[in-house]
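**Q** The file below is run-v5.txt, compact mmCIF, C-alpha atoms:
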```txt
# COMPACT_ATOMS: atom_id res chain seq x y z
CA MET A 184 -18.77 -50.46 -36.43
CA LEU A 185 -18.64 -46.71 -35.89
CA LYS A 186 -18.40 -44.94 -39.25
CA LYS A 187 -16.09 -42.12 -40.28
CA ARG A 188 -18.19 -39.04 -40.92
CA ILE A 189 -18.18 -36.84 -44.03
CA ILE A 190 -19.24 -33.29 -43.20
CA PRO A 191 -19.89 -30.48 -45.70
CA CYS A 192 -19.51 -27.00 -44.25
CA LEU A 193 -21.60 -24.05 -45.45
CA ASP A 194 -20.61 -20.43 -44.89
CA ILE A 195 -23.62 -18.19 -44.32
CA LYS A 196 -23.79 -14.45 -44.82
CA ASN A 197 -27.05 -12.58 -44.23
CA GLY A 198 -28.92 -15.86 -44.30
CA ARG A 199 -27.49 -16.98 -47.66
CA THR A 200 -24.72 -19.38 -48.62
CA VAL A 201 -21.63 -17.51 -49.65
CA LYS A 202 -19.76 -19.66 -52.09
CA GLY A 203 -21.21 -20.35 -55.50
CA VAL A 204 -22.59 -23.78 -56.01
CA ASN A 205 -23.24 -25.65 -59.19
CA PHE A 206 -25.58 -28.43 -58.26
CA VAL A 207 -27.63 -29.03 -61.32
CA ASP A 208 -30.90 -29.84 -59.61
CA ILE A 209 -30.95 -26.94 -57.21
CA LYS A 210 -33.11 -23.95 -58.06
CA ASP A 211 -31.52 -21.51 -55.66
CA ALA A 212 -27.93 -22.32 -54.80
CA GLY A 213 -27.81 -19.42 -52.38
CA ASP A 214 -30.54 -20.93 -50.25
CA PRO A 215 -28.90 -22.82 -47.37
CA VAL A 216 -32.01 -24.91 -46.77
CA GLU A 217 -32.10 -26.14 -50.38
CA LEU A 218 -28.41 -26.93 -50.29
CA ALA A 219 -28.66 -28.70 -46.96
CA LYS A 220 -31.47 -30.89 -48.27
CA GLN A 221 -29.38 -31.78 -51.30
CA TYR A 222 -26.44 -32.79 -49.09
CA VAL A 223 -28.71 -34.94 -46.93
CA LYS A 224 -30.00 -36.67 -50.05
CA GLU A 225 -26.43 -37.29 -51.21
CA GLY A 226 -25.53 -38.99 -47.92
CA ALA A 227 -23.76 -36.31 -45.87
CA ASP A 228 -23.39 -37.57 -42.31
CA GLU A 229 -23.67 -34.20 -40.66
CA LEU A 230 -23.65 -30.53 -41.66
CA VAL A 231 -21.91 -27.44 -40.31
CA PHE A 232 -23.26 -23.91 -40.83
CA LEU A 233 -20.94 -21.01 -40.06
CA ASP A 234 -22.39 -17.53 -39.76
CA ILE A 235 -19.56 -15.42 -41.08
CA THR A 236 -21.24 -12.07 -40.57
CA ALA A 237 -22.49 -12.57 -37.04
CA THR A 238 -23.45 -8.98 -36.36
CA LEU A 239 -26.30 -8.41 -33.97
CA GLU A 240 -28.76 -7.68 -36.74
CA ASN A 241 -27.80 -10.70 -38.80
CA ARG A 242 -27.94 -12.88 -35.73
CA LYS A 243 -31.74 -12.90 -35.90
CA THR A 244 -31.62 -13.85 -39.57
CA PHE A 245 -29.32 -16.74 -38.68
CA VAL A 246 -31.55 -17.96 -35.85
CA THR A 247 -34.55 -17.90 -38.20
CA LEU A 248 -32.52 -19.84 -40.73
CA VAL A 249 -31.54 -22.44 -38.13
CA GLU A 250 -35.24 -22.93 -37.37
CA LYS A 251 -35.95 -23.55 -41.05
CA ILE A 252 -33.03 -25.98 -41.41
CA ALA A 253 -34.13 -27.92 -38.32
CA LYS A 254 -37.63 -28.35 -39.76
CA GLU A 255 -36.35 -29.70 -43.05
CA ILE A 256 -33.39 -31.98 -42.40
CA ASN A 257 -33.12 -35.27 -40.54
CA ILE A 258 -29.40 -35.48 -39.81
CA PRO A 259 -27.43 -33.64 -37.11
CA PHE A 260 -26.08 -30.17 -37.72
CA THR A 261 -23.69 -27.83 -35.96
CA VAL A 262 -23.85 -24.05 -36.06
CA GLY A 263 -21.07 -21.63 -35.33
CA GLY A 264 -19.90 -18.08 -35.74
CA GLY A 265 -20.15 -15.26 -33.23
CA ILE A 266 -21.26 -17.34 -30.25
CA SER A 267 -19.76 -15.66 -27.20
CA THR A 268 -22.28 -16.22 -24.43
CA VAL A 269 -24.49 -19.01 -23.13
CA GLU A 270 -27.49 -16.91 -24.27
CA ASP A 271 -26.22 -16.91 -27.87
CA ALA A 272 -26.06 -20.70 -27.70
CA VAL A 273 -29.49 -21.01 -26.08
CA ALA A 274 -31.10 -19.13 -28.97
CA LEU A 275 -29.49 -21.44 -31.54
CA ILE A 276 -30.19 -24.66 -29.67
CA GLN A 277 -33.80 -23.66 -29.08
CA ALA A 278 -34.03 -22.96 -32.79
CA GLY A 279 -33.06 -26.59 -33.37
CA ALA A 280 -29.26 -26.78 -33.69
CA ASP A 281 -27.82 -30.08 -32.47
CA LYS A 282 -24.40 -28.69 -31.58
CA ILE A 283 -22.80 -25.30 -31.38
CA SER A 284 -19.23 -24.52 -32.30
CA ILE A 285 -17.15 -21.92 -30.51
CA ASN A 286 -13.68 -20.70 -31.41
CA SER A 287 -12.29 -17.26 -30.44
CA SER A 288 -14.73 -16.93 -27.54
CA ALA A 289 -13.46 -20.20 -26.03
CA VAL A 290 -9.89 -18.87 -26.07
CA LYS A 291 -10.96 -15.55 -24.63
CA ASN A 292 -13.16 -17.14 -21.97
CA PRO A 293 -12.44 -20.87 -21.46
CA GLN A 294 -15.11 -20.98 -18.73
CA LEU A 295 -17.68 -20.65 -21.53
CA ILE A 296 -16.92 -24.27 -22.54
CA THR A 297 -17.75 -25.48 -19.04
CA ASP A 298 -20.82 -23.26 -18.75
CA LEU A 299 -22.18 -24.63 -22.03
CA LYS A 300 -21.38 -28.20 -21.00
CA ASN A 301 -23.17 -27.74 -17.68
CA ARG A 302 -26.19 -26.27 -19.37
CA PHE A 303 -26.54 -28.64 -22.32
CA GLY A 304 -24.08 -31.52 -21.93
CA SER A 305 -20.73 -31.91 -23.64
CA GLN A 306 -22.31 -33.40 -26.77
CA PHE A 307 -23.56 -29.92 -27.66
CA VAL A 308 -20.17 -28.28 -27.42
CA VAL A 309 -17.79 -28.36 -30.36
CA VAL A 310 -14.61 -26.35 -29.88
CA ALA A 311 -13.13 -25.20 -33.18
CA ILE A 312 -9.37 -24.76 -33.20
CA ASP A 313 -7.62 -22.91 -36.01
CA THR A 314 -3.96 -23.79 -36.01
CA LYS A 315 -0.85 -22.81 -37.93
CA ASN A 316 2.72 -23.97 -37.80
CA VAL A 317 4.86 -21.04 -36.67
CA ASN A 318 8.60 -21.79 -36.65
CA GLY A 319 8.02 -25.49 -36.05
CA GLU A 320 5.42 -25.00 -33.34
CA TRP A 321 1.67 -25.47 -33.78
CA LYS A 322 -0.02 -22.34 -32.45
CA VAL A 323 -3.69 -21.54 -31.94
CA PHE A 324 -5.08 -18.63 -33.96
CA THR A 325 -8.33 -16.77 -33.33
CA LYS A 326 -10.47 -14.06 -34.95
CA GLY A 327 -10.79 -15.94 -38.22
CA GLY A 328 -7.12 -16.84 -38.28
CA THR A 329 -5.89 -13.27 -38.01
CA PHE A 330 -4.66 -13.32 -34.41
CA GLU A 331 -1.85 -15.50 -33.10
CA THR A 332 -2.38 -16.56 -29.49
CA THR A 333 0.27 -17.84 -27.13
CA LEU A 334 -1.48 -21.22 -26.94
CA GLU A 335 0.16 -24.38 -28.25
CA THR A 336 -2.36 -26.49 -30.16
CA VAL A 337 -2.06 -29.93 -28.53
CA ASN A 338 -2.08 -28.38 -25.06
CA TRP A 339 -5.14 -26.31 -25.89
CA ALA A 340 -6.90 -29.38 -27.29
CA LYS A 341 -6.27 -31.27 -24.04
CA GLU A 342 -7.46 -28.24 -22.08
CA VAL A 343 -10.76 -27.94 -23.98
CA GLU A 344 -11.40 -31.65 -23.44
CA LYS A 345 -10.86 -31.17 -19.71
CA LEU A 346 -13.17 -28.12 -19.71
CA GLY A 347 -15.99 -30.16 -21.21
CA ALA A 348 -15.86 -30.01 -25.01
CA GLY A 349 -17.56 -32.97 -26.71
CA GLU A 350 -15.69 -32.67 -30.00
CA ILE A 351 -12.86 -30.72 -31.59
CA LEU A 352 -13.07 -29.23 -35.07
CA LEU A 353 -9.44 -28.83 -36.07
CA THR A 354 -8.55 -26.62 -39.03
CA SER A 355 -4.98 -26.38 -40.23
CA MET A 356 -4.44 -22.93 -41.71
CA ASN A 357 -1.36 -24.26 -43.49
CA SER A 358 -3.43 -26.61 -45.59
CA ASP A 359 -6.78 -24.77 -45.69
CA GLY A 360 -7.59 -23.74 -49.24
CA THR A 361 -4.60 -25.59 -50.76
CA LYS A 362 -6.47 -28.75 -51.81
CA ASN A 363 -3.21 -30.57 -51.11
CA GLY A 364 -4.69 -32.73 -48.40
CA PHE A 365 -5.53 -32.58 -44.71
CA ASP A 366 -2.67 -31.72 -42.39
CA ILE A 367 -1.71 -35.19 -41.24
CA GLU A 368 0.92 -34.06 -38.73
CA VAL A 369 -1.25 -31.81 -36.60
CA THR A 370 -4.39 -33.94 -37.00
CA LYS A 371 -2.47 -36.98 -35.82
CA ALA A 372 -0.93 -35.10 -32.91
CA VAL A 373 -4.26 -33.73 -31.69
CA SER A 374 -6.42 -36.81 -32.32
CA SER A 375 -4.00 -39.08 -30.46
CA SER A 376 -3.73 -36.68 -27.51
CA VAL A 377 -7.42 -36.37 -26.67
CA ASN A 378 -10.11 -38.96 -26.09
CA ILE A 379 -12.94 -36.96 -27.68
CA PRO A 380 -13.64 -37.12 -31.43
CA VAL A 381 -11.64 -34.84 -33.72
CA ILE A 382 -13.04 -33.50 -37.00
CA ALA A 383 -10.25 -32.82 -39.49
CA SER A 384 -10.63 -29.74 -41.66
CA GLY A 385 -8.67 -27.83 -44.25
CA GLY A 386 -7.03 -29.00 -47.44
CA ALA A 387 -9.31 -31.69 -48.84
CA GLY A 388 -9.02 -31.77 -52.61
CA LYS A 389 -9.16 -35.45 -53.56
CA VAL A 390 -10.66 -38.74 -52.36
CA GLU A 391 -7.15 -39.87 -51.37
CA HIS A 392 -6.95 -37.05 -48.86
CA PHE A 393 -9.86 -38.51 -46.93
CA THR A 394 -8.31 -41.99 -47.14
CA GLU A 395 -5.08 -40.57 -45.77
CA VAL A 396 -6.63 -38.70 -42.85
CA PHE A 397 -8.78 -41.71 -41.87
CA THR A 398 -5.93 -44.24 -42.06
CA LYS A 399 -3.00 -42.20 -40.75
CA THR A 400 -4.71 -40.31 -37.93
CA GLN A 401 -7.44 -40.99 -35.40
CA ALA A 402 -9.74 -38.34 -36.92
CA SER A 403 -13.41 -39.32 -36.58
CA ALA A 404 -14.66 -37.10 -39.40
CA GLY A 405 -13.49 -35.07 -42.38
CA LEU A 406 -14.93 -31.65 -43.13
CA ALA A 407 -14.74 -29.79 -46.41
CA ALA A 408 -16.48 -26.95 -48.19
CA SER A 409 -15.53 -26.05 -51.74
CA ILE A 410 -14.95 -29.56 -53.12
CA PHE A 411 -18.53 -30.39 -52.24
CA HIS A 412 -20.07 -27.03 -53.15
CA PHE A 413 -18.51 -26.98 -56.57
CA GLY A 414 -19.32 -30.62 -57.17
CA GLU A 415 -15.62 -31.48 -57.61
CA ILE A 416 -16.13 -34.58 -55.51
CA PRO A 417 -19.78 -35.56 -55.20
CA ILE A 418 -20.42 -37.08 -51.75
CA PRO A 419 -21.75 -40.41 -53.15
CA THR A 420 -18.57 -40.84 -55.23
CA LEU A 421 -16.39 -40.04 -52.24
CA LYS A 422 -18.24 -42.41 -49.94
CA ASN A 423 -18.30 -45.26 -52.45
CA LYS A 424 -14.57 -44.99 -53.05
CA LEU A 425 -13.79 -44.91 -49.36
CA LYS A 426 -15.95 -48.00 -48.86
CA THR A 427 -13.95 -49.92 -51.46
CA GLN A 428 -10.85 -49.04 -49.44
CA ASN A 429 -12.41 -50.68 -46.38
CA ILE A 430 -12.86 -47.43 -44.52
CA PRO A 431 -16.01 -47.66 -42.40
CA ILE A 432 -18.49 -45.35 -44.12
CA ARG A 433 -22.26 -45.07 -43.89
CA MET B 53 -52.02 -36.31 -30.35
CA ILE B 54 -48.42 -37.21 -29.57
CA ALA B 55 -47.05 -35.76 -26.34
CA ILE B 56 -43.35 -34.98 -26.15
CA ILE B 57 -42.26 -34.58 -22.55
CA LYS B 58 -40.73 -31.17 -21.97
CA TYR B 59 -37.27 -30.79 -20.49
CA ASN B 60 -35.33 -27.78 -19.38
CA ALA B 61 -32.30 -28.63 -21.47
CA GLY B 62 -31.79 -30.02 -24.89
CA ASN B 63 -33.05 -29.92 -28.36
CA ILE B 64 -36.57 -31.27 -28.15
CA ARG B 65 -37.72 -29.32 -31.20
CA SER B 66 -35.88 -31.82 -33.41
CA VAL B 67 -38.06 -34.62 -32.11
CA GLN B 68 -41.18 -32.55 -32.76
CA ASN B 69 -39.95 -31.62 -36.24
CA ALA B 70 -39.42 -35.30 -37.06
CA VAL B 71 -42.87 -36.27 -35.77
CA ASN B 72 -44.40 -33.43 -37.80
CA ARG B 73 -42.55 -34.53 -40.94
CA LEU B 74 -44.26 -37.91 -40.59
CA GLY B 75 -47.62 -36.15 -40.54
CA TYR B 76 -48.53 -36.46 -36.85
CA GLU B 77 -49.68 -33.69 -34.55
CA SER B 78 -47.67 -33.22 -31.40
CA ILE B 79 -47.25 -31.03 -28.34
CA ILE B 80 -44.25 -30.42 -26.13
CA THR B 81 -45.59 -30.48 -22.59
CA ASP B 82 -44.96 -31.24 -18.94
CA ASN B 83 -48.66 -31.03 -18.10
CA PRO B 84 -49.72 -34.41 -16.58
CA ASN B 85 -53.23 -34.26 -18.07
CA GLU B 86 -51.95 -33.62 -21.59
CA ILE B 87 -49.41 -36.41 -21.23
CA LYS B 88 -52.01 -38.88 -19.92
CA ALA B 89 -54.44 -38.02 -22.70
CA ALA B 90 -51.93 -38.44 -25.53
CA SER B 91 -52.19 -41.45 -27.84
CA LYS B 92 -48.40 -41.88 -27.61
CA VAL B 93 -45.73 -40.31 -25.47
CA ILE B 94 -42.16 -39.53 -26.43
CA PHE B 95 -39.67 -39.10 -23.64
CA PRO B 96 -36.55 -37.52 -25.11
CA GLY B 97 -33.55 -36.75 -23.06
CA VAL B 98 -30.44 -34.76 -23.37
CA GLY B 99 -28.21 -33.68 -20.56
CA GLU B 100 -27.09 -35.29 -17.37
CA ALA B 101 -28.90 -38.16 -15.60
CA SER B 102 -29.09 -36.92 -12.00
CA SER B 103 -30.30 -33.42 -12.87
CA ALA B 104 -32.80 -34.83 -15.36
CA MET B 105 -34.21 -37.18 -12.68
CA GLU B 106 -34.41 -34.28 -10.27
CA TYR B 107 -36.31 -32.26 -12.85
CA LEU B 108 -38.78 -35.14 -13.35
CA LYS B 109 -39.27 -35.62 -9.61
CA GLU B 110 -39.90 -31.93 -8.97
CA ARG B 111 -42.80 -32.13 -11.41
CA LYS B 112 -43.88 -35.64 -10.29
CA LEU B 113 -43.30 -36.73 -13.88
CA ASP B 114 -41.34 -39.75 -12.62
CA GLU B 115 -44.49 -41.32 -11.14
CA LEU B 116 -46.53 -40.28 -14.14
CA ILE B 117 -44.19 -41.85 -16.73
CA VAL B 118 -44.10 -45.29 -15.07
CA SER B 119 -47.91 -45.29 -14.79
CA LEU B 120 -48.53 -44.64 -18.51
CA LYS B 121 -50.42 -47.32 -20.46
CA GLN B 122 -50.07 -46.01 -24.02
CA PRO B 123 -46.88 -46.65 -26.03
CA VAL B 124 -43.99 -44.60 -24.64
CA LEU B 125 -40.71 -44.03 -26.48
CA GLY B 126 -37.58 -43.00 -24.60
CA ILE B 127 -34.80 -41.46 -26.67
CA CYS B 128 -31.10 -41.29 -25.74
CA LEU B 129 -30.97 -40.17 -22.08
CA GLY B 130 -34.65 -41.13 -22.01
CA LEU B 131 -33.60 -44.78 -22.45
CA GLN B 132 -31.03 -44.48 -19.68
CA LEU B 133 -33.53 -42.87 -17.29
CA MET B 134 -35.93 -45.78 -17.88
CA CYS B 135 -33.31 -48.19 -16.51
CA ARG B 136 -32.76 -49.15 -12.87
CA SER B 137 -29.89 -46.81 -12.20
CA SER B 138 -27.16 -44.80 -13.84
CA GLU B 139 -23.50 -44.46 -12.98
CA GLU B 140 -23.85 -40.85 -14.11
CA GLY B 141 -24.21 -38.98 -10.83
CA ASN B 142 -25.03 -42.34 -9.11
CA THR B 143 -28.66 -41.88 -9.98
CA VAL B 144 -31.62 -44.08 -9.14
CA CYS B 145 -33.76 -43.99 -12.27
CA LEU B 146 -37.31 -44.97 -13.25
CA GLU B 147 -36.70 -48.74 -12.93
CA ILE B 148 -38.82 -49.71 -15.93
CA PHE B 149 -36.02 -51.73 -17.53
CA ASP B 150 -34.15 -54.20 -15.36
CA THR B 151 -30.69 -53.12 -16.43
CA GLN B 152 -28.21 -50.45 -15.46
CA THR B 153 -26.44 -47.61 -17.20
CA LYS B 154 -22.65 -47.50 -17.10
CA GLN B 155 -19.94 -45.21 -18.39
CA PHE B 156 -17.98 -46.34 -21.47
CA PRO B 157 -14.46 -47.40 -20.55
CA PRO B 158 -12.04 -44.98 -22.28
CA LYS B 159 -10.67 -47.61 -24.68
CA ASP B 160 -11.76 -45.60 -27.71
CA LYS B 161 -13.11 -42.10 -28.32
CA VAL B 162 -15.80 -41.20 -25.78
CA PRO B 163 -18.52 -39.97 -26.18
CA HIS B 164 -19.64 -42.45 -28.83
CA ILE B 165 -20.55 -39.92 -31.53
CA GLY B 166 -21.63 -40.81 -35.02
CA TRP B 167 -23.31 -43.43 -37.17
CA ASN B 168 -23.22 -47.07 -36.13
CA ASN B 169 -25.05 -50.23 -37.23
CA PHE B 170 -26.59 -53.05 -35.19
CA SER B 171 -24.83 -56.24 -34.14
CA GLU B 172 -28.01 -58.07 -33.12
CA LEU B 173 -31.69 -57.55 -33.91
CA LYS B 174 -34.66 -59.48 -32.54
CA SER B 175 -37.89 -59.51 -34.51
CA SER B 176 -40.41 -56.92 -33.38
CA GLU B 177 -43.04 -54.54 -34.75
CA ILE B 178 -40.78 -51.61 -33.92
CA LEU B 179 -37.99 -53.11 -36.07
CA LYS B 180 -40.11 -53.47 -39.21
CA ASN B 181 -37.93 -52.93 -42.32
CA ILE B 182 -34.80 -52.46 -40.22
CA LYS B 183 -31.65 -54.41 -41.11
CA LEU B 184 -28.44 -55.19 -39.21
CA GLU B 185 -26.35 -53.02 -41.51
CA ASP B 186 -28.56 -49.93 -41.11
CA ASP B 187 -26.76 -47.04 -39.43
CA VAL B 188 -28.29 -44.74 -36.84
CA TYR B 189 -26.83 -41.66 -35.16
CA TYR B 190 -25.54 -41.91 -31.59
CA VAL B 191 -24.25 -39.30 -29.14
CA HIS B 192 -23.67 -40.71 -25.66
CA GLY B 193 -21.03 -41.33 -23.03
CA TYR B 194 -23.06 -43.85 -21.01
CA TYR B 195 -24.74 -47.08 -22.12
CA ALA B 196 -27.29 -49.57 -20.86
CA GLU B 197 -26.07 -53.17 -20.52
CA PRO B 198 -27.94 -55.62 -22.76
CA TYR B 199 -30.53 -57.76 -20.95
CA ASP B 200 -33.56 -59.95 -21.73
CA ASN B 201 -35.69 -57.07 -23.03
CA THR B 202 -33.00 -55.68 -25.32
CA LEU B 203 -34.33 -55.80 -28.90
CA ALA B 204 -31.26 -54.42 -30.68
CA ILE B 205 -27.61 -54.42 -29.71
CA CYS B 206 -24.92 -52.08 -30.98
CA ASN B 207 -21.23 -52.69 -30.46
CA TYR B 208 -18.92 -49.86 -29.47
CA ILE B 209 -16.11 -50.67 -27.03
CA VAL B 210 -18.69 -53.05 -25.47
CA PRO B 211 -22.02 -54.47 -26.70
CA PHE B 212 -24.82 -52.23 -25.39
CA SER B 213 -28.61 -51.89 -25.60
CA SER B 214 -29.55 -49.90 -28.69
CA ILE B 215 -33.29 -50.58 -28.45
CA ILE B 216 -35.17 -51.93 -25.44
CA GLN B 217 -38.83 -52.85 -25.06
CA LYS B 218 -40.83 -53.89 -22.04
CA ASP B 219 -44.62 -53.95 -22.39
CA ASN B 220 -45.69 -50.49 -23.66
CA PHE B 221 -42.28 -48.96 -22.98
CA TYR B 222 -39.86 -48.63 -25.89
CA ALA B 223 -36.51 -46.89 -25.89
CA MET B 224 -33.72 -46.06 -28.34
CA GLN B 225 -30.21 -45.05 -27.34
CA PHE B 226 -29.60 -43.29 -30.68
CA HIS B 227 -31.48 -40.30 -32.08
CA PRO B 228 -34.11 -41.56 -34.56
CA GLU B 229 -35.02 -37.91 -35.28
CA LYS B 230 -31.46 -37.40 -36.57
CA SER B 231 -30.91 -40.75 -38.24
CA ALA B 232 -32.03 -39.92 -41.78
CA ASP B 233 -34.30 -42.49 -43.51
CA VAL B 234 -33.60 -45.32 -41.05
CA GLY B 235 -34.54 -43.10 -38.12
CA GLU B 236 -37.69 -42.02 -39.90
CA GLN B 237 -38.68 -45.66 -40.44
CA LEU B 238 -38.15 -46.43 -36.75
CA LEU B 239 -40.18 -43.42 -35.63
CA LYS B 240 -42.88 -44.38 -38.10
CA ASN B 241 -42.90 -47.93 -36.68
CA PHE B 242 -43.41 -46.49 -33.20
CA LEU B 243 -46.09 -44.02 -34.26
CA GLU B 244 -47.97 -46.79 -36.07
CA LEU B 245 -48.01 -49.16 -33.07
```
Would you mind writing the structure in this file as structure tokens?
**A**
Amino acid sequence: MLKKRIIPCLDIKNGRTVKGVNFVDIKDAGDPVELAKQYVKEGADELVFLDITATLENRKTFVTLVEKIAKEINIPFTVGGGISTVEDAVALIQAGADKISINSSAVKNPQLITDLKNRFGSQFVVVAIDTKNVNGEWKVFTKGGTFETTLETVNWAKEVEKLGAGEILLTSMNSDGTKNGFDIEVTKAVSSSVNIPVIASGGAGKVEHFTEVFTKTQASAGLAASIFHFGEIPIPTLKNKLKTQNIPIR
Amino acid sequence: MIAIIKYNAGNIRSVQNAVNRLGYESIITDNPNEIKAASKVIFPGVGEASSAMEYLKERKLDELIVSLKQPVLGICLGLQLMCRSSEEGNTVCLEIFDTQTKQFPPKDKVPHIGWNNFSELKSSEILKNIKLEDDVYYVHGYYAEPYDNTLAICNYIVPFSSIIQKDNFYAMQFHPEKSADVGEQLLKNFLEL
């Protein structure tokens, strides 16, 4: 049986992890490679690295980091942040990334999705969608959630599938950072409207939130950052609890 | 020396990284002499079947691969290209395995992405220390139908060939290089053949 995936997300700035981490057995919590190895050991199913600086200069640092990560870990990982051309993606994939995630650049230039799919196959292309409920309508936001587009979320999700995306990483800005749970409404709407896997993101604070998103929606994976980084829910604890609830987990 | 057949697309470095982690030396190459001289050959594949076959034909790698006598391991698209034909781009493939590659019917999420276990395992050197409940990482929209030489079956929408072996040709539909400890064990089993 296909398992539901648990995915920690790491924000990277100048080649270092941004948020503080309190793993006891890690020497350097700011070192993304060390952290990634720890997550692999704990049973993470996949990892996501987001370059939140993404200036030209830092780009090289990030590519070098991706090379190091690829040498050390034996599970799939996605990289994102500042990818706006096929060339940006080529550099990251050649460095060893398994998938690349695009967000604002896909909205600005939807053809990029198709170009990437044609070059690498749809399995390499994750389209990240940041969404927020505005007066009862789910709208797509770009530029790190600061810019409201005219796109409606479910329609955009269907469009990116048609253009060649292999997966959708869906973040609800309404629940992100609240720790009150994944946004069931929008996750359900999107995951039942497309036939590609949807990764739910934003709002995870308790084990029950993962149970909820995996039983009430068709999400294929749950992504979270701080609850894992701060050790609030260790991955083995989370996975063991989900298993006892008969959720298919590796 | 392990030869990893070079492609124009895809993340072949991951395969090399995994081989290196197991302590073997490897080269990524499309040079026929280097491939022939290697103790083992890995034939990874990412991308689309018809363009991948075209790429192989342009370099005469299609003839070379079928003529190899040392153990050869196809990975992901590599497995599909070793079959008779693929529905993807209606492609005639290498015809090593007497089965065909079809597209998953859209009865569940496609591509099949993520960790899945086996539903059937035969006994084989390549499956040493591998159990039915072990999960490996898949990313694919097409699958090879199970047939006599299928060593392991996985079930997603339909039962499909997860591992196939015919003579010196082995192939895995999943990515052993991305399948944590289980993948490492499988790669080790191949490298120790």
**Q** List every protein, DNA or RNA residue that has an atom no more than 12 Å from (-37.4, -21.7, -40.4) in the file's coordinate frame, counting only C-alpha atoms, and report them as an MDAnalysis selection string.
**A** (chainID A and resid 198 215:216 243:256 275 278:280) or (chainID B and resid 65 69)
**Q** CA of Ser305 in chain A and CA of Ile54 in chain B, how far apart in Å?
**A**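 Between these atoms lies a distance of 28.8 Å.
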**Q** Within 7 Å of Ala407 in chain A, counting all atoms listed in the file, which residues qualify if same-chain residues fewer than 2 places away don't, as a ChimeraX atom specification?
**A** /A:190-192,384-385,387,405,409-411
**Q** Would you write out those residues with C-alpha atoms, as a short mmCIF file (atom, residue, chain, number, x, y, z; two decimals), keeping the file's coordinate frame?
**A**
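The result, written out as result.cif:
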```cif
data_model
loop_
_atom_site.label_atom_id
_atom_site.label_comp_id
_atom_site.auth_asym_id
_atom_site.auth_seq_id
_atom_site.Cartn_x
_atom_site.Cartn_y
_atom_site.Cartn_z
CA ILE A 190 -19.24 -33.29 -43.20
CA PRO A 191 -19.89 -30.48 -45.70
CA CYS A 192 -19.51 -27.00 -44.25
CA SER A 384 -10.63 -29.74 -41.66
CA GLY A 385 -8.67 -27.83 -44.25
CA ALA A 387 -9.31 -31.69 -48.84
CA GLY A 405 -13.49 -35.07 -42.38
CA SER A 409 -15.53 -26.05 -51.74
CA ILE A 410 -14.95 -29.56 -53.12
CA PHE A 411 -18.53 -30.39 -52.24
#
```
**Q** Which of these residues is nearest to chain B, using all atoms listed in the file: A:Ala289, A:Ile266, A:Ala348, A:Ile276?
**A** A:Ile276
**Q** Between B:Pro211, B:Thr151, B:Val144, B:Cys128, which has the minimum distance to Tyr190 in chain B (counting only C-alpha atoms)?
**A**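 Answer, going by the shortest atom-to-atom distance: B:Cys128.
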**Q** Report as a Markdown table: every residue of chain B with an atom at most 9 Å from chain A, its closest pair of atoms, and their distance in Å to one decimal, counting only C-alpha atoms, with rows sorted by chain and ascending residue number.
**A**
```
| residue | atom | partner | partner_atom | distance |
| --- | --- | --- | --- | --- |
| B:Ala61 | CA | A:Phe303 | CA | 5.8 |
| B:Gly62 | CA | A:Phe303 | CA | 6.0 |
| B:Asn63 | CA | A:Gly279 | CA | 6.0 |
| B:Ile64 | CA | A:Gly279 | CA | 7.8 |
| B:Arg65 | CA | A:Gly279 | CA | 5.8 |
| B:Ser66 | CA | A:Gly279 | CA | 5.9 |
| B:Gln68 | CA | A:Lys254 | CA | 8.9 |
| B:Asn69 | CA | A:Lys254 | CA | 5.3 |
| B:Ala70 | CA | A:Asn257 | CA | 7.2 |
| B:Asn72 | CA | A:Lys254 | CA | 8.7 |
| B:Arg73 | CA | A:Lys254 | CA | 8.0 |
| B:Val98 | CA | A:Gly304 | CA | 7.3 |
| B:Gly99 | CA | A:Gly304 | CA | 4.9 |
| B:Glu100 | CA | A:Gly304 | CA | 6.6 |
| B:Pro158 | CA | A:Asn378 | CA | 7.4 |
| B:Lys159 | CA | A:Asn378 | CA | 8.8 |
| B:Asp160 | CA | A:Asn378 | CA | 7.0 |
| B:Lys161 | CA | A:Asn378 | CA | 4.9 |
| B:Val162 | CA | A:Ile379 | CA | 5.5 |
| B:Pro163 | CA | A:Ile379 | CA | 6.5 |
| B:His164 | CA | A:Leu185 | CA | 8.3 |
| B:Ile165 | CA | A:Pro380 | CA | 7.5 |
| B:Gly166 | CA | A:Leu185 | CA | 6.7 |
| B:Trp167 | CA | A:Lys186 | CA | 5.5 |
| B:Asn168 | CA | A:Leu185 | CA | 4.6 |
| B:Asn169 | CA | A:Met184 | CA | 6.3 |
| B:Phe170 | CA | A:Met184 | CA | 8.3 |
| B:Ser171 | CA | A:Met184 | CA | 8.7 |
| B:Asp186 | CA | A:Arg433 | CA | 8.4 |
| B:Asp187 | CA | A:Arg433 | CA | 6.6 |
| B:Tyr189 | CA | A:Ile258 | CA | 8.1 |
| B:Val191 | CA | A:Gln306 | CA | 6.6 |
| B:His192 | CA | A:Gln306 | CA | 7.5 |
| B:Gly193 | CA | A:Gln306 | CA | 8.9 |
| B:Cys206 | CA | A:Met184 | CA | 8.4 |
| B:Asn207 | CA | A:Met184 | CA | 6.8 |
| B:Tyr208 | CA | A:Met184 | CA | 7.0 |
| B:Pro228 | CA | A:Asn257 | CA | 8.7 |
| B:Glu229 | CA | A:Asn257 | CA | 6.2 |
| B:Lys230 | CA | A:Ile258 | CA | 4.3 |
| B:Ser231 | CA | A:Ile258 | CA | 5.7 |
| B:Ala232 | CA | A:Asn257 | CA | 4.9 |
| B:Asp233 | CA | A:Asn257 | CA | 7.9 |
| B:Gly235 | CA | A:Asn257 | CA | 8.3 |
| B:Glu236 | CA | A:Asn257 | CA | 8.2 |
```
